[in-house]
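Notes to accompany the following structure.
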Amino acid sequence: MSAMTEEVIAAHQLKPDEYERIVQILGREPNLTELGIFSVMWSEHCSYKSSRLHLKKLPTRSRLVLQGPGENAGIIDIGDGWAIAFKIESHNHPSFIEPFQGAATGVGGILRDIFTMGARPIAVMDALRFGRLDDRKTGARNRRILEGVVSGISHYGNCFGVPTVGGETVFESCYDGNPLVNVFALGVFRHDEVFYGRAKGVGNPVIYVGAKTGRDGIHGASMASAEFTEESKQKRPNVQVGDPFLEKLLLEACLEAMHSGAVVGIQDMGAAGLTCSTCEMGSRAGTGVEIDLQYVPQRETGMTPYEIMLSESQERMLLVAEKGREAEVLRIFDKWGLDARVIGVVKDDGMMRVKDHGEVVAEIPNRPLADEAPLYDRPHGVAPYRTAPMEGPAFASRDLKSDLLQLLGSGDICSKRWIWEQYDYLVRSNTLAGPESAEAAIVRIKETGTSVAMSLDGNGRYCYLSPREGARLIVAECCRNLSTVGALPVAATNNLNFGNPERPEIMAQLVEAIEGMAEACEFFETPITGGNVSLYNETLGEAIWPTPVVGIVGLMRTAVPVGIPFRAADRDIVLLGGMGDCDPVRFGGTQYAKVVIDQLWGLPPGLDLAYEKRVQQAVREIVEKSLAESAHDLSLGGLAVALAEATFRGIGAAVELPESALPPELLLFHEGPSRILLSTSDVQQVEDVANTHGVRCVRLGRTVKDGLRIRKGSTTLIDCGAQEMKSTWEAALDRLLQHRDVR
Amino acid sequence: MKFGVVVFPGSNRDHDAWYAVSRTLGQDCELLWHDSESLGNCDVIILPGGFSYGDYLRCGAIAKFSPVMKSVKKFAHDGGLVFGICNGFQILVESGLLPGALLRNRSLKFVCKEVELRVGTADSPFTREASPGSILRVPVAHGDGCYFADERTLDQLEAEDRVAFRYVENPNGSLRDVAGILNEGRNVLGMMPHPEDAVEPLMGSQDGLVIFRSLAGALAGAGK
């Protein structure tokens with residue numbers, strides 16, 4: 001084989017020095033198949049070559065972590081011999097090119113990551129970000145992307161039989177040409193049912209199971225590692241097509257095979273397909289894997305070794321069985337109507353050897369391929385990119401009530417019922433709190449007395465203003481959501497969505513965000529057990545805002561959860577944590593600034609980590625002692641929006657705000673953290689708990705039969721009927737989706 | 001007394017039904033594999049929710065050809081109790097054990113939400129412990145739940161008191177708000193909503209339990 005031309009190397013997105021390294025590893029020039037294999041394994045998507053140095057700063061251990069980063073998902077001990085596996089992963093680029101399949105296969109991919117470890121998936125959540133639905137130029141496309149993504153998730157998750165129990169949906173112009181689809185999945189199993197992707201045992205058979213291999217998704221991993229250009233619209237064939245029915249069969253068959261005791265190791269074929277699973281399983285076990293492509297079940301004829309190795313066809317797994325028990329494994333897959341073929345064998349030479357009808361077509365040492373991708377310390381010694389000013393405009397509200405209604409009807413705050421009603425959030429009958437019913441989604445583990453609370457949080461607005469502070473805030477918010485339902489946050493997964501890391505001002509965003517997240521996760525004792533980095537989220541040179549998304553899980557005793565809405569009249573309303581603090585600079589990233597003033601400036605809300613932790617301890621104790629009838633964490637839209645949302649079950653509130661130097665706009669709508677709205681019939685005890693933890697607790701007023709009245713001294717700031725608020729909040733997304741451009 | 005839950009490839013509320021029967025109701029419950037004609041001497045057969053065989057052709061259209069359905073049909077003709085939930089209801093109409101058809105939801109979208117059902121009749125082994133006219137809160141979760149039949153069939157169902165449940169607020173466009181129907185012998189019930197997901201206070205409602213209790217009562221009454 002002659003030397004590769006520069007064009008061929010560049011087309012595989014390999015830099016000249018990376019190519020040099022390949023030649024060094026092989027001791028010769030690679031052939032085209034080998035070049036393709038290196039290009040996917042060393043792509044940003046698979047190798048984390050730009051972020052790995054900095055990801056090392058994240059805390060990854062605790063007494064409960066059974067498995068940290070590096071495997072298909074992190075594992076946490078939940079007691080009584082049981083464990084959970086969970087992870088978040090992005091499918092941003094495919095979801096822009098083909099929203100339905102892009103999102104559907106995003107769900108499929110993360111589900112396989114969970115059950116390949118032996119865990120049965122019991123919950124999914126999605127963090128979705130789109131461009132604005134009412135934008136004159138891009139609105140129609142954004143609406144189409146949203147509808148496609150939601151039906152893709154619905155199609156896949158519902159059929160597979162996993163409840164989609166929560167998530168978040170955000171609209172910002174920066175996601176116009178680059179939507180974010182981050183899917184979180186969580187599964188449950190016993191400690192002794194954990195499987196790893198390791199090709200152990202020389203002589204053991206390597207078995208391919210699941211869907212046949214086709215030409216779909218070739219180079220998906222490298223596509224996800226490049227910016228969008230005009231040409232990428234031509235890349236539709238790179239997006240894979242998902243089949244949730246097949247995945248459901250694969251789940252049941254894999255779990256059954258694992259329980260048979262005949263399976264030694266197993267890994268799904270996700271990004272980089274057969275290539276990735278083969279070399280990673282070998283590398284982790286310190287063995288070699290030899291396969292022959294003639295045995296790989298194929299959907300199309302005439303596929304080259306290059307195509308078979310790089311295909312990203314969905315719903316496939318690679319497993320290593322105990323020698324002599326092949327037939328047993330094959331029988332189980334046959335029972336479920338799935339293809340399963342022995343395609344190779346575990347060797348002792350540390351090589352990934354691919355043959356085609358006996359002839360070697362690729363031969364690469366596993367370890368350098370899987371684990372020794374080039375590492376880049378990309379320049380980041382500049383200020384993180386931002387153009388927003390520090391000072392905002394002068395503003396004064398004309399009517400606080402209409403400001404509140406405008407916020408309730410805005411995209412980020414309004415009800416997402418239109419979305420989540422399309423998801424089966426109940427299947428498996430474990431859902432104690434589904435979408436929009438409590439601060440966090442809660443799924444019980446039937447086999448134990450434990451439930452798992454989970455929450456996803458991101459805030460591109462905050463992170464754009466300050467990646468470091470923004471990242472700390474989202475971790476705090478996510479932990480607060482869990483604490484508000486009484487759960488103790490124990491571990492986290494992260495999805496880092498950023499632009500092109502080769503630009504120092506973007507790399508600086510990434511580094512700052514990781515460091516902020518590391519600090520907060522350390523502080524809240526929620527180690528990051530795995531996750532995903534999605535870079536090159538740019539279209540035509542325009543980067544998205546830095547958007548780290550964090551998913552945190554918490555543990556709690558199984559009980560009927562405390563919900564968001566007030567439940568009865570004549571109860572005391574208190575704000576645990578106090579009124580919070582704000583100034584005009586720290587107001588520039590709020591929803592009020594976005595929706596009412598239509599500006600972005602300044603800095604995100606200030607956060608005192610130590611105080612935040614005490615507030616969370618206090619609320620957990622209050623909820624555990626059943627002192628709260630309702631509990632709602634203050635976030636987007638601040639106090640006024642939280643109060644309004646708490647009235648949606650028909651019980652209102654009469655609130656008297658304490659003396660404050662802040663103007664009413666700030667007092668009502670600032671987004672200072674560490675605050676939780678509670679209603680209680682035992683205010684004294686609530687205050688006692690707050691005192692023990694050194695936390696402020698402000699009596700705001702009483703629950704009433706109807707409506708929301710907020711007064712300060714002799715002035716009525718807001719007086720609004722519950723129905724008006726609720727219908728504005730409920731109807732908004734429908735209205736935005738039916739938006740028609742007025743010309 | 002023994003319940004059986006059929007597992008088709010793609011069934012996904014088989015676990016929910018099994019849990020409701022074995023854990024909440026406390027009765028013996030066996031999972032029955034689609035590929036076998038054996039019904040394991042069960043006294044009630046539950047066809048659970050899900051996407052049998054992927055539901056790629058038409059919901060329930062492939063399941064009706066499965067070996068287990070051959071036995072279920074015979075079992076039903078002999079008066080055995082058969083309870084189809086969601087996909088199970090779709091399989092029952094495809095198999096001809098119940099009249100009508102289930103079409104795509106009027107919204108053309110999957111819908112998952114809690115709904116209120118009005119009990120249409122207490123004259124069946126499935127509803128004998130419910131009061132006619134009473135309201136049950138149970139969830140729906142389906143994409144193809146719009147009940148359709150010709151006028152004559154609908155009239156006949158009503159005349160023969162075979163509409164077991166009606167939606168108080170129709171979530172899918174079903175004609176005459178039909179949520180669940182009985183066969184002529186009143187030993188086969190099909191319904192779109194999921195009573196098995198509403199059997200404990202933790203699930204937000206336990207109104208669905210009345211159906212399982214009714215079945216247990218009917219079997220106990222028959223000496224099983």
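By convention here, the chains of the structure tokens are called A, B, ... in the order presented, each chain's residues are numbered starting at 1, and ligands are numbered starting at 1 in the order presented.
Excluding segment 66-76 of chain B itself and any same-chain residue fewer than 2 positions from it, the protein and nucleic acid residues within 7 Å of it, counting only C-alpha atoms, are His34, Asp35, Ser36, Glu37, Ser38, Ala63, Lys64, Asp78, Gly79, Gly80, Leu81, Val82 and Val188 of chain B.
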Produce a file of the selected residues containing N, CA and C atoms, as a compact mmCIF listing (two decimals), in the first residue's frame.
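File produced: again.txt:
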```txt
# COMPACT_ATOMS: atom_id res chain seq x y z
N HIS B 34 -44.79 -15.85 24.55
CA HIS B 34 -45.62 -15.77 23.34
C HIS B 34 -45.47 -16.97 22.42
N ASP B 35 -44.31 -17.62 22.49
CA ASP B 35 -43.97 -18.65 21.53
C ASP B 35 -44.51 -20.01 21.93
N SER B 36 -45.20 -20.05 23.07
CA SER B 36 -45.70 -21.34 23.53
C SER B 36 -47.23 -21.29 23.57
N GLU B 37 -47.85 -22.42 23.31
CA GLU B 37 -49.32 -22.44 23.34
C GLU B 37 -49.85 -22.72 24.74
N SER B 38 -48.92 -22.91 25.69
CA SER B 38 -49.38 -23.24 27.04
C SER B 38 -49.82 -21.99 27.79
N ALA B 63 -49.18 -9.72 16.59
CA ALA B 63 -49.36 -10.53 17.81
C ALA B 63 -50.49 -11.54 17.65
N LYS B 64 -51.50 -11.19 16.86
CA LYS B 64 -52.64 -12.10 16.77
C LYS B 64 -52.26 -13.44 16.14
N ASP B 78 -64.07 -20.50 25.44
CA ASP B 78 -64.57 -21.43 26.46
C ASP B 78 -64.99 -20.71 27.75
N GLY B 79 -64.98 -19.38 27.70
CA GLY B 79 -65.47 -18.62 28.86
C GLY B 79 -64.38 -18.16 29.81
N GLY B 80 -63.10 -18.41 29.47
CA GLY B 80 -61.99 -17.97 30.33
C GLY B 80 -61.89 -16.46 30.36
N LEU B 81 -61.35 -15.92 31.46
CA LEU B 81 -61.24 -14.47 31.63
C LEU B 81 -59.99 -13.95 30.93
N VAL B 82 -60.18 -13.01 30.01
CA VAL B 82 -59.06 -12.41 29.28
C VAL B 82 -59.14 -10.90 29.42
N VAL B 188 -64.33 -11.16 28.41
CA VAL B 188 -63.15 -10.52 27.81
C VAL B 188 -63.32 -9.01 27.93
```
May I have a table of the residues of chain B lying at most 8 Å from chain A, giving each one's closest pair of atoms and their distance in Å to one decimal, counting only C-alpha atoms, ordered by chain and ascending residue number, as JSON lines?
```
{"residue": "B:Pro9", "atom": "CA", "partner": "A:Leu249", "partner_atom": "CA", "distance": 6.6}
{"residue": "B:Gly10", "atom": "CA", "partner": "A:Phe245", "partner_atom": "CA", "distance": 6.0}
{"residue": "B:Asn12", "atom": "CA", "partner": "A:Gly161", "partner_atom": "CA", "distance": 5.2}
{"residue": "B:Arg13", "atom": "CA", "partner": "A:Arg428", "partner_atom": "CA", "distance": 6.3}
{"residue": "B:His15", "atom": "CA", "partner": "A:Arg428", "partner_atom": "CA", "distance": 6.4}
{"residue": "B:Asp16", "atom": "CA", "partner": "A:Arg428", "partner_atom": "CA", "distance": 5.3}
{"residue": "B:Gly50", "atom": "CA", "partner": "A:Cys159", "partner_atom": "CA", "distance": 6.7}
{"residue": "B:Phe51", "atom": "CA", "partner": "A:Cys159", "partner_atom": "CA", "distance": 6.0}
{"residue": "B:Tyr53", "atom": "CA", "partner": "A:Phe245", "partner_atom": "CA", "distance": 7.3}
{"residue": "B:Gly54", "atom": "CA", "partner": "A:Phe245", "partner_atom": "CA", "distance": 5.0}
{"residue": "B:Lys109", "atom": "CA", "partner": "A:Gln422", "partner_atom": "CA", "distance": 6.5}
{"residue": "B:Phe110", "atom": "CA", "partner": "A:Gln422", "partner_atom": "CA", "distance": 4.9}
{"residue": "B:Val111", "atom": "CA", "partner": "A:Gln422", "partner_atom": "CA", "distance": 5.0}
{"residue": "B:Cys112", "atom": "CA", "partner": "A:Glu421", "partner_atom": "CA", "distance": 4.9}
{"residue": "B:Lys113", "atom": "CA", "partner": "A:Glu421", "partner_atom": "CA", "distance": 6.4}
{"residue": "B:Ala141", "atom": "CA", "partner": "A:Asp424", "partner_atom": "CA", "distance": 5.9}
{"residue": "B:Asp197", "atom": "CA", "partner": "A:Ser429", "partner_atom": "CA", "distance": 5.4}
{"residue": "B:Pro201", "atom": "CA", "partner": "A:Val560", "partner_atom": "CA", "distance": 7.6}
{"residue": "B:Leu202", "atom": "CA", "partner": "A:Val560", "partner_atom": "CA", "distance": 5.5}
{"residue": "B:Met203", "atom": "CA", "partner": "A:Leu432", "partner_atom": "CA", "distance": 6.1}
{"residue": "B:Gly204", "atom": "CA", "partner": "A:Leu432", "partner_atom": "CA", "distance": 7.5}
```
inquiry  = Neighbouring residues of Asp150 of chain B were defined as those with any atom within 12 Å, considering only C-alpha atoms; residues of the same chain fewer than 2 positions away were excluded. Please report them as a ChimeraX atom specification.
reply    = /B:99-101,147-148,152-157,175-176
Please return, as a PDB file with all heavy atoms, in the first residue's frame, all residues of segment 413-461 of chain A that DSSP assigns to strand (DSSP E or B) on the basis of the backbone.
```
ATOM      1  N   THR A 431     -42.553   5.537  38.936  1.00  0.00           N
ATOM      2  CA  THR A 431     -42.422   6.991  38.937  1.00  0.00           C
ATOM      3  C   THR A 431     -43.203   7.610  40.088  1.00  0.00           C
ATOM      4  O   THR A 431     -44.427   7.599  40.093  1.00  0.00           O
ATOM      5  CB  THR A 431     -42.928   7.564  37.595  1.00  0.00           C
ATOM      6  OG1 THR A 431     -42.273   6.877  36.539  1.00  0.00           O
ATOM      7  CG2 THR A 431     -42.656   9.063  37.504  1.00  0.00           C
ATOM      8  N   LEU A 432     -42.491   8.133  41.074  1.00  0.00           N
ATOM      9  CA  LEU A 432     -43.169   8.805  42.186  1.00  0.00           C
ATOM     10  C   LEU A 432     -43.363  10.285  41.870  1.00  0.00           C
ATOM     11  O   LEU A 432     -44.329  10.900  42.304  1.00  0.00           O
ATOM     12  CB  LEU A 432     -42.368   8.649  43.484  1.00  0.00           C
ATOM     13  CG  LEU A 432     -42.018   7.229  43.907  1.00  0.00           C
ATOM     14  CD1 LEU A 432     -41.404   7.227  45.296  1.00  0.00           C
ATOM     15  CD2 LEU A 432     -43.245   6.326  43.871  1.00  0.00           C
ATOM     16  N   ALA A 433     -42.431  10.874  41.153  1.00  0.00           N
ATOM     17  CA  ALA A 433     -42.575  12.258  40.710  1.00  0.00           C
ATOM     18  C   ALA A 433     -42.098  12.341  39.277  1.00  0.00           C
ATOM     19  O   ALA A 433     -40.943  12.087  38.979  1.00  0.00           O
ATOM     20  CB  ALA A 433     -41.772  13.201  41.600  1.00  0.00           C
ATOM     21  N   ALA A 441     -37.223  14.695  39.563  1.00  0.00           N
ATOM     22  CA  ALA A 441     -37.931  13.466  39.224  1.00  0.00           C
ATOM     23  C   ALA A 441     -37.543  12.411  40.253  1.00  0.00           C
ATOM     24  O   ALA A 441     -36.406  12.384  40.721  1.00  0.00           O
ATOM     25  CB  ALA A 441     -37.540  13.003  37.832  1.00  0.00           C
ATOM     26  N   ILE A 442     -38.502  11.565  40.625  1.00  0.00           N
ATOM     27  CA  ILE A 442     -38.208  10.524  41.612  1.00  0.00           C
ATOM     28  C   ILE A 442     -38.709   9.184  41.103  1.00  0.00           C
ATOM     29  O   ILE A 442     -39.857   9.056  40.679  1.00  0.00           O
ATOM     30  CB  ILE A 442     -38.880  10.831  42.961  1.00  0.00           C
ATOM     31  CG1 ILE A 442     -38.519  12.238  43.439  1.00  0.00           C
ATOM     32  CG2 ILE A 442     -38.459   9.800  44.009  1.00  0.00           C
ATOM     33  CD1 ILE A 442     -39.283  12.682  44.669  1.00  0.00           C
ATOM     34  N   VAL A 443     -37.822   8.214  41.132  1.00  0.00           N
ATOM     35  CA  VAL A 443     -38.163   6.852  40.722  1.00  0.00           C
ATOM     36  C   VAL A 443     -37.807   5.923  41.867  1.00  0.00           C
ATOM     37  O   VAL A 443     -36.707   5.987  42.404  1.00  0.00           O
ATOM     38  CB  VAL A 443     -37.378   6.482  39.447  1.00  0.00           C
ATOM     39  CG1 VAL A 443     -37.562   5.020  39.117  1.00  0.00           C
ATOM     40  CG2 VAL A 443     -37.827   7.338  38.282  1.00  0.00           C
ATOM     41  N   ARG A 444     -38.747   5.095  42.240  1.00  0.00           N
ATOM     42  CA  ARG A 444     -38.444   4.196  43.359  1.00  0.00           C
ATOM     43  C   ARG A 444     -37.774   2.917  42.858  1.00  0.00           C
ATOM     44  O   ARG A 444     -37.958   2.500  41.721  1.00  0.00           O
ATOM     45  CB  ARG A 444     -39.737   3.818  44.089  1.00  0.00           C
ATOM     46  CG  ARG A 444     -40.625   2.940  43.244  1.00  0.00           C
ATOM     47  CD  ARG A 444     -41.722   2.293  44.032  1.00  0.00           C
ATOM     48  NE  ARG A 444     -42.805   1.887  43.114  1.00  0.00           N
ATOM     49  CZ  ARG A 444     -43.871   1.223  43.487  1.00  0.00           C
ATOM     50  NH1 ARG A 444     -44.032   0.909  44.759  1.00  0.00           N
ATOM     51  NH2 ARG A 444     -44.782   0.895  42.610  1.00  0.00           N
ATOM     52  N   THR A 450     -35.619   2.222  48.907  1.00  0.00           N
ATOM     53  CA  THR A 450     -34.947   3.445  48.486  1.00  0.00           C
ATOM     54  C   THR A 450     -35.540   3.989  47.196  1.00  0.00           C
ATOM     55  O   THR A 450     -35.954   3.226  46.331  1.00  0.00           O
ATOM     56  CB  THR A 450     -33.451   3.146  48.225  1.00  0.00           C
ATOM     57  OG1 THR A 450     -32.937   2.471  49.369  1.00  0.00           O
ATOM     58  CG2 THR A 450     -32.665   4.400  47.975  1.00  0.00           C
ATOM     59  N   SER A 451     -35.551   5.303  47.066  1.00  0.00           N
ATOM     60  CA  SER A 451     -35.899   5.922  45.794  1.00  0.00           C
ATOM     61  C   SER A 451     -34.739   6.772  45.321  1.00  0.00           C
ATOM     62  O   SER A 451     -33.919   7.228  46.124  1.00  0.00           O
ATOM     63  CB  SER A 451     -37.141   6.800  45.938  1.00  0.00           C
ATOM     64  OG  SER A 451     -38.276   5.986  46.129  1.00  0.00           O
ATOM     65  N   VAL A 452     -34.682   6.974  44.018  1.00  0.00           N
ATOM     66  CA  VAL A 452     -33.633   7.796  43.426  1.00  0.00           C
ATOM     67  C   VAL A 452     -34.269   9.068  42.884  1.00  0.00           C
ATOM     68  O   VAL A 452     -35.198   9.010  42.075  1.00  0.00           O
ATOM     69  CB  VAL A 452     -32.925   7.043  42.275  1.00  0.00           C
ATOM     70  CG1 VAL A 452     -31.833   7.915  41.684  1.00  0.00           C
ATOM     71  CG2 VAL A 452     -32.356   5.730  42.774  1.00  0.00           C
ATOM     72  N   ALA A 453     -33.776  10.208  43.360  1.00  0.00           N
ATOM     73  CA  ALA A 453     -34.217  11.488  42.800  1.00  0.00           C
ATOM     74  C   ALA A 453     -33.161  11.940  41.813  1.00  0.00           C
ATOM     75  O   ALA A 453     -31.973  11.649  41.998  1.00  0.00           O
ATOM     76  CB  ALA A 453     -34.382  12.511  43.911  1.00  0.00           C
ATOM     77  N   MET A 454     -33.582  12.598  40.754  1.00  0.00           N
ATOM     78  CA  MET A 454     -32.603  13.031  39.751  1.00  0.00           C
ATOM     79  C   MET A 454     -33.024  14.340  39.123  1.00  0.00           C
ATOM     80  O   MET A 454     -34.210  14.640  39.016  1.00  0.00           O
ATOM     81  CB  MET A 454     -32.425  11.939  38.698  1.00  0.00           C
ATOM     82  CG  MET A 454     -33.705  11.514  38.032  1.00  0.00           C
ATOM     83  SD  MET A 454     -33.562   9.896  37.238  1.00  0.00           S
ATOM     84  CE  MET A 454     -34.367   8.847  38.427  1.00  0.00           C
ATOM     85  N   SER A 455     -32.032  15.120  38.740  1.00  0.00           N
ATOM     86  CA  SER A 455     -32.320  16.414  38.146  1.00  0.00           C
ATOM     87  C   SER A 455     -31.253  16.757  37.119  1.00  0.00           C
ATOM     88  O   SER A 455     -30.098  16.356  37.262  1.00  0.00           O
ATOM     89  CB  SER A 455     -32.356  17.474  39.258  1.00  0.00           C
ATOM     90  OG  SER A 455     -32.592  18.745  38.707  1.00  0.00           O
ATOM     91  N   LEU A 456     -31.667  17.450  36.063  1.00  0.00           N
ATOM     92  CA  LEU A 456     -30.721  17.939  35.056  1.00  0.00           C
ATOM     93  C   LEU A 456     -30.741  19.453  35.083  1.00  0.00           C
ATOM     94  O   LEU A 456     -31.820  20.052  35.111  1.00  0.00           O
ATOM     95  CB  LEU A 456     -31.146  17.509  33.649  1.00  0.00           C
ATOM     96  CG  LEU A 456     -31.062  16.056  33.231  1.00  0.00           C
ATOM     97  CD1 LEU A 456     -31.377  15.943  31.736  1.00  0.00           C
ATOM     98  CD2 LEU A 456     -29.694  15.491  33.523  1.00  0.00           C
ATOM     99  N   ASP A 457     -29.584  20.066  35.068  1.00  0.00           N
ATOM    100  CA  ASP A 457     -29.546  21.526  35.040  1.00  0.00           C
ATOM    101  C   ASP A 457     -28.422  22.061  34.178  1.00  0.00           C
ATOM    102  O   ASP A 457     -27.313  21.539  34.191  1.00  0.00           O
ATOM    103  CB  ASP A 457     -29.391  22.077  36.463  1.00  0.00           C
ATOM    104  CG  ASP A 457     -30.695  22.057  37.225  1.00  0.00           C
ATOM    105  OD1 ASP A 457     -31.533  22.925  36.956  1.00  0.00           O
ATOM    106  OD2 ASP A 457     -30.883  21.154  38.064  1.00  0.00           O
ATOM    107  N   GLY A 458     -28.752  23.123  33.477  1.00  0.00           N
ATOM    108  CA  GLY A 458     -27.755  23.863  32.716  1.00  0.00           C
ATOM    109  C   GLY A 458     -28.232  25.303  32.642  1.00  0.00           C
ATOM    110  O   GLY A 458     -29.414  25.579  32.896  1.00  0.00           O
TER     111      GLY A 458
END
```
ask   = For Glu363 of chain A, which residue out of A:Ile207, A:Asp706, A:Thr33, A:Asp719 is the nearest one, using only C-alpha atoms?
value = A:Thr33
request  = Do a neighbour search on Gly108 of chain A at 12 Å with only C-alpha atoms, toss out local chain neighbours closer than 4 positions, and write the hits as number ranges by chain.
outcome  = A: 89-91, 101-104, 112-116, 121, 124, 152-162, 183-185, 240-248, 250-251, 268-271, 313-316
